[in-house]
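Shown next: protein_27.txt, containing compact mmCIF, C-alpha atoms.
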# COMPACT_ATOMS: atom_id res chain seq x y z
CA MET A 16 17.16 -13.83 3.68
CA ASN A 17 19.15 -10.63 3.96
CA ILE A 18 20.73 -11.15 0.57
CA ALA A 19 19.22 -9.47 -2.47
CA ILE A 20 19.97 -10.50 -6.01
CA LYS A 21 18.91 -8.43 -8.97
CA ILE A 22 16.43 -10.32 -11.12
CA GLY A 23 18.60 -9.90 -14.18
CA ALA A 24 21.67 -11.02 -12.27
CA ALA A 25 19.84 -14.08 -10.97
CA ALA A 26 18.84 -15.08 -14.47
CA ALA A 27 22.40 -14.59 -15.74
CA LEU A 28 23.87 -16.67 -12.92
CA ALA A 29 21.31 -19.41 -13.53
CA SER A 30 22.30 -19.57 -17.18
CA LEU A 31 25.98 -19.77 -16.23
CA THR A 32 25.58 -22.48 -13.63
CA GLY A 33 22.62 -24.39 -15.02
CA SER A 34 21.00 -24.09 -11.59
CA ALA A 35 17.44 -22.95 -11.03
CA PHE A 36 16.67 -20.32 -8.44
CA ALA A 37 14.05 -20.74 -5.76
CA ALA A 38 10.68 -19.06 -6.04
CA PRO A 39 10.37 -15.62 -4.43
CA ILE A 40 10.23 -15.70 -0.64
CA LEU A 41 7.25 -13.90 0.86
CA VAL A 42 8.28 -11.15 3.28
CA ALA A 43 4.97 -9.36 3.85
CA ASP A 44 1.40 -9.53 2.54
CA SER A 45 -1.07 -6.67 3.06
CA VAL A 46 -4.06 -9.06 2.89
CA ALA A 47 -2.80 -12.07 4.85
CA ASP A 48 -1.08 -9.89 7.48
CA PHE A 49 -4.06 -7.59 8.08
CA GLY A 50 -5.19 -7.27 11.69
CA GLY A 51 -6.52 -5.06 14.44
CA LEU A 52 -3.18 -4.09 16.00
CA GLN A 53 -1.08 -1.20 14.75
CA GLY A 54 2.42 -2.40 13.87
CA GLU A 55 1.49 -6.08 13.72
CA ASN A 56 3.57 -7.86 11.06
CA GLY A 57 5.18 -4.50 10.29
CA TRP A 58 1.91 -2.92 9.04
CA HIS A 59 0.43 0.40 10.16
CA TYR A 60 -2.91 1.94 9.17
CA GLY A 61 -3.44 5.67 8.97
CA TYR A 62 -3.94 8.74 6.85
CA TYR A 63 -2.53 12.12 5.82
CA ASN A 64 -4.45 15.37 5.83
CA LEU A 65 -4.38 17.09 2.45
CA GLU A 66 -2.13 19.89 3.68
CA ASP A 67 0.50 17.27 4.59
CA ILE A 68 0.75 15.98 1.01
CA ASN A 69 2.90 17.61 -1.66
CA VAL A 70 1.30 17.11 -5.07
CA ALA A 71 3.38 17.66 -8.22
CA GLY A 72 1.41 16.57 -11.25
CA SER A 73 0.67 12.87 -10.87
CA SER A 74 3.37 12.41 -8.22
CA VAL A 75 3.14 13.03 -4.48
CA SER A 76 5.50 13.17 -1.53
CA VAL A 77 4.93 13.26 2.21
CA ASN A 78 6.84 13.78 5.43
CA ASN A 79 6.58 10.44 7.21
CA SER A 80 6.24 12.24 10.54
CA ASP A 81 2.87 13.65 9.39
CA PHE A 82 1.39 10.14 9.28
CA ARG A 83 -1.65 9.87 11.57
CA GLN A 84 -2.64 6.43 12.80
CA LEU A 85 -6.27 5.44 12.52
CA SER A 86 -7.53 5.05 16.06
CA ALA A 87 -10.56 2.78 15.73
CA PHE A 88 -10.80 -0.85 14.66
CA ASP A 89 -14.23 -2.46 14.37
CA SER A 90 -13.76 -6.20 14.88
CA ALA A 91 -17.24 -6.95 13.52
CA THR A 92 -16.52 -5.38 10.12
CA SER A 93 -12.69 -5.58 10.25
CA TRP A 94 -12.45 -1.91 9.31
CA TRP A 95 -9.90 0.61 10.51
CA GLY A 96 -11.42 4.10 10.76
CA VAL A 97 -10.89 7.55 12.21
CA ASN A 98 -13.53 6.84 14.88
CA THR A 99 -15.89 4.03 15.79
CA ASP A 100 -18.66 5.36 13.56
CA SER A 101 -16.50 5.59 10.46
CA ALA A 102 -15.08 2.13 11.17
CA GLY A 103 -18.64 0.84 11.46
CA GLY A 104 -19.51 2.14 8.02
CA ASN A 105 -21.58 5.25 8.79
CA PRO A 106 -19.19 8.20 8.96
CA ALA A 107 -22.07 10.68 8.59
CA ASN A 108 -22.89 9.86 12.23
CA GLY A 109 -19.30 10.31 13.37
CA SER A 110 -17.73 13.19 15.21
CA SER A 111 -17.45 16.45 13.30
CA PRO A 112 -16.13 16.26 10.69
CA GLY A 113 -17.17 12.76 9.72
CA SER A 114 -14.73 10.72 7.66
CA TYR A 115 -14.77 8.03 5.02
CA ALA A 116 -11.07 7.37 5.64
CA VAL A 117 -11.27 3.60 6.09
CA ILE A 118 -8.91 0.66 5.53
CA THR A 119 -10.02 -2.97 5.33
CA ARG A 120 -8.22 -6.22 4.57
CA SER A 121 -8.04 -5.63 0.82
CA ARG A 122 -9.58 -2.22 0.24
CA MET A 123 -8.95 1.43 1.09
CA HIS A 124 -11.20 4.48 1.05
CA ALA A 125 -10.14 8.12 1.20
CA ASN A 126 -12.14 11.07 2.51
CA ALA A 127 -13.10 14.31 0.76
CA PRO A 128 -15.80 16.96 1.09
CA TRP A 129 -19.16 15.48 0.16
CA PRO A 130 -20.83 17.49 -2.64
CA THR A 131 -24.28 16.07 -1.81
CA SER A 132 -24.07 16.92 1.90
CA ASN A 133 -23.65 19.98 4.06
CA VAL A 134 -20.96 18.20 6.08
CA VAL A 135 -17.63 20.04 5.94
CA ALA A 136 -15.19 17.13 5.73
CA GLU A 137 -11.43 17.22 6.05
CA PRO A 138 -9.75 15.73 2.95
CA GLN A 139 -7.82 12.67 4.14
CA TRP A 140 -5.69 10.30 2.06
CA THR A 141 -5.49 6.86 3.63
CA SER A 142 -2.13 5.14 4.01
CA ARG A 143 -1.32 1.48 4.63
CA ARG A 144 2.39 1.36 5.44
CA TRP A 145 4.92 -1.43 5.89
CA VAL A 146 8.19 -0.83 7.72
CA SER A 147 11.02 -3.03 6.47
CA ASP A 148 12.86 -5.29 8.90
CA MET A 149 15.39 -6.44 6.29
CA THR A 150 18.08 -5.12 3.96
CA GLY A 151 18.22 -5.99 0.28
CA GLU A 152 16.08 -5.82 -2.82
CA VAL A 153 12.39 -6.62 -2.65
CA ASN A 154 9.64 -6.84 -5.21
CA LEU A 155 6.34 -5.07 -4.56
CA SER A 156 3.35 -6.47 -6.43
CA GLY A 157 -0.40 -6.31 -6.16
CA LEU A 158 -3.75 -5.26 -7.59
CA ILE A 159 -5.27 -1.79 -7.81
CA ALA A 160 -8.90 -1.58 -8.99
CA HIS A 161 -12.19 0.12 -8.22
CA HIS A 162 -14.38 -1.92 -5.88
CA GLU A 163 -17.65 -3.19 -7.28
CA TYR A 164 -20.76 -2.10 -5.39
CA LEU A 165 -23.41 -4.67 -6.29
CA GLY A 166 -26.90 -3.24 -6.58
CA ILE A 167 -25.80 0.31 -5.83
CA ASN A 168 -25.84 3.27 -8.20
CA MET A 169 -22.23 4.40 -7.91
CA VAL A 170 -21.87 8.17 -7.69
CA GLY A 171 -18.16 8.63 -6.97
CA ASP A 172 -15.48 9.77 -9.41
CA GLY A 173 -12.61 7.36 -8.74
CA THR A 174 -9.37 7.63 -6.82
CA ILE A 175 -5.62 7.95 -7.29
CA ALA A 176 -3.39 5.22 -5.85
CA HIS A 177 0.25 5.91 -5.00
CA ILE A 178 3.14 3.78 -3.77
CA LEU A 179 5.73 5.71 -1.77
CA VAL A 180 9.15 4.73 -0.46
CA ASP A 181 10.40 6.86 2.43
CA GLY A 182 7.91 9.55 1.53
CA GLN A 183 8.62 9.71 -2.21
CA SER A 184 6.23 8.45 -4.89
CA ILE A 185 7.63 5.70 -7.12
CA TYR A 186 4.35 4.65 -8.76
CA ASN A 187 0.82 5.96 -9.25
CA TYR A 188 -2.35 4.73 -10.91
CA ASP A 189 -5.51 6.69 -11.74
CA VAL A 190 -8.50 4.53 -10.77
CA ALA A 191 -11.61 5.37 -12.77
CA LEU A 192 -15.08 4.92 -11.28
CA PHE A 193 -15.89 1.69 -13.14
CA ASP A 194 -12.31 0.42 -13.47
CA LEU A 195 -13.11 -2.97 -11.93
CA GLN A 196 -10.30 -4.76 -13.76
CA GLY A 197 -7.66 -2.29 -12.66
CA THR A 198 -3.96 -2.97 -12.98
CA ILE A 199 -1.44 -5.45 -11.59
CA TYR A 200 1.81 -3.72 -10.68
CA SER A 201 5.30 -5.09 -10.03
CA LEU A 202 8.15 -2.92 -8.74
CA ASP A 203 11.71 -3.69 -7.59
CA VAL A 204 12.92 -1.61 -4.65
CA ASP A 205 16.06 -1.60 -2.50
CA VAL A 206 15.30 -1.41 1.22
CA VAL A 207 17.15 -1.28 4.52
CA GLN A 208 15.85 -1.88 8.00
CA GLY A 209 13.41 0.95 8.71
CA THR A 210 12.53 1.77 5.08
CA VAL A 211 8.89 2.89 4.97
CA ILE A 212 6.80 1.63 2.05
CA GLU A 213 3.34 3.15 1.81
CA MET A 214 0.19 2.45 -0.17
CA VAL A 215 -1.52 5.84 -0.27
CA LEU A 216 -5.02 6.40 -1.68
CA GLY A 217 -6.31 9.86 -2.53
CA ALA A 218 -9.84 10.97 -3.34
CA LYS A 219 -10.61 13.22 -6.30
CA ASN A 220 -13.70 15.33 -5.65
CA ASP A 221 -16.49 13.00 -4.55
CA PRO A 222 -15.57 10.26 -2.05
CA MET A 223 -18.87 8.43 -2.26
CA CYS A 224 -18.69 4.81 -3.53
CA ASP A 225 -14.94 5.03 -4.11
CA ALA A 226 -13.63 2.05 -2.16
CA THR A 227 -10.55 0.80 -3.99
CA THR A 228 -8.98 -2.64 -3.94
CA PHE A 229 -5.29 -1.96 -3.18
CA THR A 230 -3.08 -4.91 -2.23
CA MET A 231 0.64 -5.53 -1.87
CA ARG A 232 2.92 -8.55 -1.54
CA VAL A 233 6.56 -7.97 -0.61
CA THR A 234 8.90 -10.72 -1.80
CA THR A 235 12.63 -11.28 -2.14
CA LEU A 236 14.74 -13.69 -4.17
CA VAL A 237 17.22 -16.16 -2.67
CA PRO A 238 19.25 -18.83 -4.51
CA SER A 239 18.31 -22.47 -4.34
CA PRO A 240 20.70 -24.68 -2.29
CA GLY A 241 22.35 -26.02 -5.45
CA SER A 242 23.31 -22.49 -6.48
CA ALA A 243 24.43 -21.17 -3.10
CA ALA A 244 28.02 -22.33 -3.61
CA MET A 245 28.25 -20.24 -6.77
CA LEU A 246 27.38 -16.94 -5.08
CA GLY A 247 30.98 -15.90 -4.60
CA MET A 248 31.84 -16.38 -8.25
CA GLY A 249 28.41 -15.09 -9.25
CA GLY A 250 29.05 -11.85 -7.43
CA LEU A 251 32.13 -11.33 -9.59
CA LEU A 252 30.39 -12.37 -12.78
CA VAL A 253 27.06 -10.59 -12.51
CA GLY A 254 27.38 -8.10 -9.67
CA GLY A 255 25.37 -9.98 -7.07
CA ARG A 256 25.48 -8.64 -3.53
CA ARG A 257 27.26 -10.44 -0.70
CA ARG A 258 25.45 -11.28 2.51
CA ARG A 259 25.67 -8.47 5.01
Take the structure in this file and express it as structure tokens.
Amino acid sequence: MNIAIKIGAAAALASLTGSAFAAPILVADSVADFGGLQGENGWHYGYYNLEDINVAGSSVSVNNSDFRQLSAFDSATSWWGVNTDSAGGNPANGSSPGSYAVITRSRMHANAPWPTSNVVAEPQWTSRRWVSDMTGEVNLSGLIAHHEYLGINMVGDGTIAHILVDGQSIYNYDVALFDLQGTIYSLDVDVVQGTVIEMVLGAKNDPMCDATTFTMRVTTLVPSPGSAAMLGMGGLLVGGRRRR
């Protein structure tokens, strides 16, 4: 499982050998792996204060050491929050300042000053991070879309979703208020043990009704048994990597 084969290289080797390659192997899944323990299955749930985020146009970067873990998990709602009130869904009753920085199984919500309230809120961008325990190439894929609030007059203004690798943005998507269809992304990334991959969600101006579906599956490719014997020659032919 520690061998990574470029998708193009895998296809070339398959055409040379006539052997089919196995389906992608699941390494991590932000939805299936979600739980109430920090670090479980390699996942951590937290946020960055706005002053800890470097914004350059549509791209952002962070210092991983500025990551703040969310401290409260509400088992009844399965929400991670800054405190027990925010995790329970009523941040206006939380400690000052209250916070809408919340992460659930499939959704994320950032915090920003509330224009319809006199609460002075600290802007907080939520981060769901996965720390790699393998070396090789992985594919990151998932859905980013605005969450539908049934029966509620939505008053937010959307969010901005970012994917970062070791603190550097490699992908971003502007989520409009009624963008319920969203986008399905797919990215190939080289990782080593300890590489930090983050799903970071930022608010725009109004955080109300801006929960965003933001999921990620991490997969890798390995050859089927019938092709394994060809890896040595395949490495010479198409530049595949040898097992480390």
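Closest approach to Arg120 of chain A from the set A:Tyr63, A:Tyr188, A:Phe49, A:Phe229 is made by A:Phe49, with distances taken over only C-alpha atoms.
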Contacts of Ile212 of chain A at 7 Å (only C-alpha atoms; same-chain gap of 4+ positions) as a PyMOL selection string: chain A and resi 144-146+179-181
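In terms of minimum interatomic distance to Val42 of chain A, A:Met149 ranks closest within A:Met149, A:Gln139, A:Asn98, A:Ser184, counting all atoms listed in the file.
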Contacts of Ser93 of chain A within 10 Å, all atoms listed in the file, excl. fewer than 4 positions in-chain, as a VMD selection string: chain A and resid 49 to 51 88 to 89 102 to 103 118 to 120
Mind dumping the selected residues with C-alpha atoms as an mmCIF file, keeping the file's coordinate frame?
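The resulting again_7.cif:
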data_model
loop_
_atom_site.group_PDB
_atom_site.id
_atom_site.type_symbol
_atom_site.label_atom_id
_atom_site.label_comp_id
_atom_site.auth_asym_id
_atom_site.auth_seq_id
_atom_site.Cartn_x
_atom_site.Cartn_y
_atom_site.Cartn_z
ATOM 1 C CA PHE A 49 -4.060 -7.590 8.080
ATOM 2 C CA GLY A 50 -5.190 -7.270 11.690
ATOM 3 C CA GLY A 51 -6.520 -5.060 14.440
ATOM 4 C CA PHE A 88 -10.800 -0.850 14.660
ATOM 5 C CA ASP A 89 -14.230 -2.460 14.370
ATOM 6 C CA ALA A 102 -15.080 2.130 11.170
ATOM 7 C CA GLY A 103 -18.640 0.840 11.460
ATOM 8 C CA ILE A 118 -8.910 0.660 5.530
ATOM 9 C CA THR A 119 -10.020 -2.970 5.330
ATOM 10 C CA ARG A 120 -8.220 -6.220 4.570
#
Taking only C-alpha atoms into account, which of A:Thr235, A:Ser90, A:Asn64, A:Ser147 comes nearest Val215 of chain A? A:Asn64
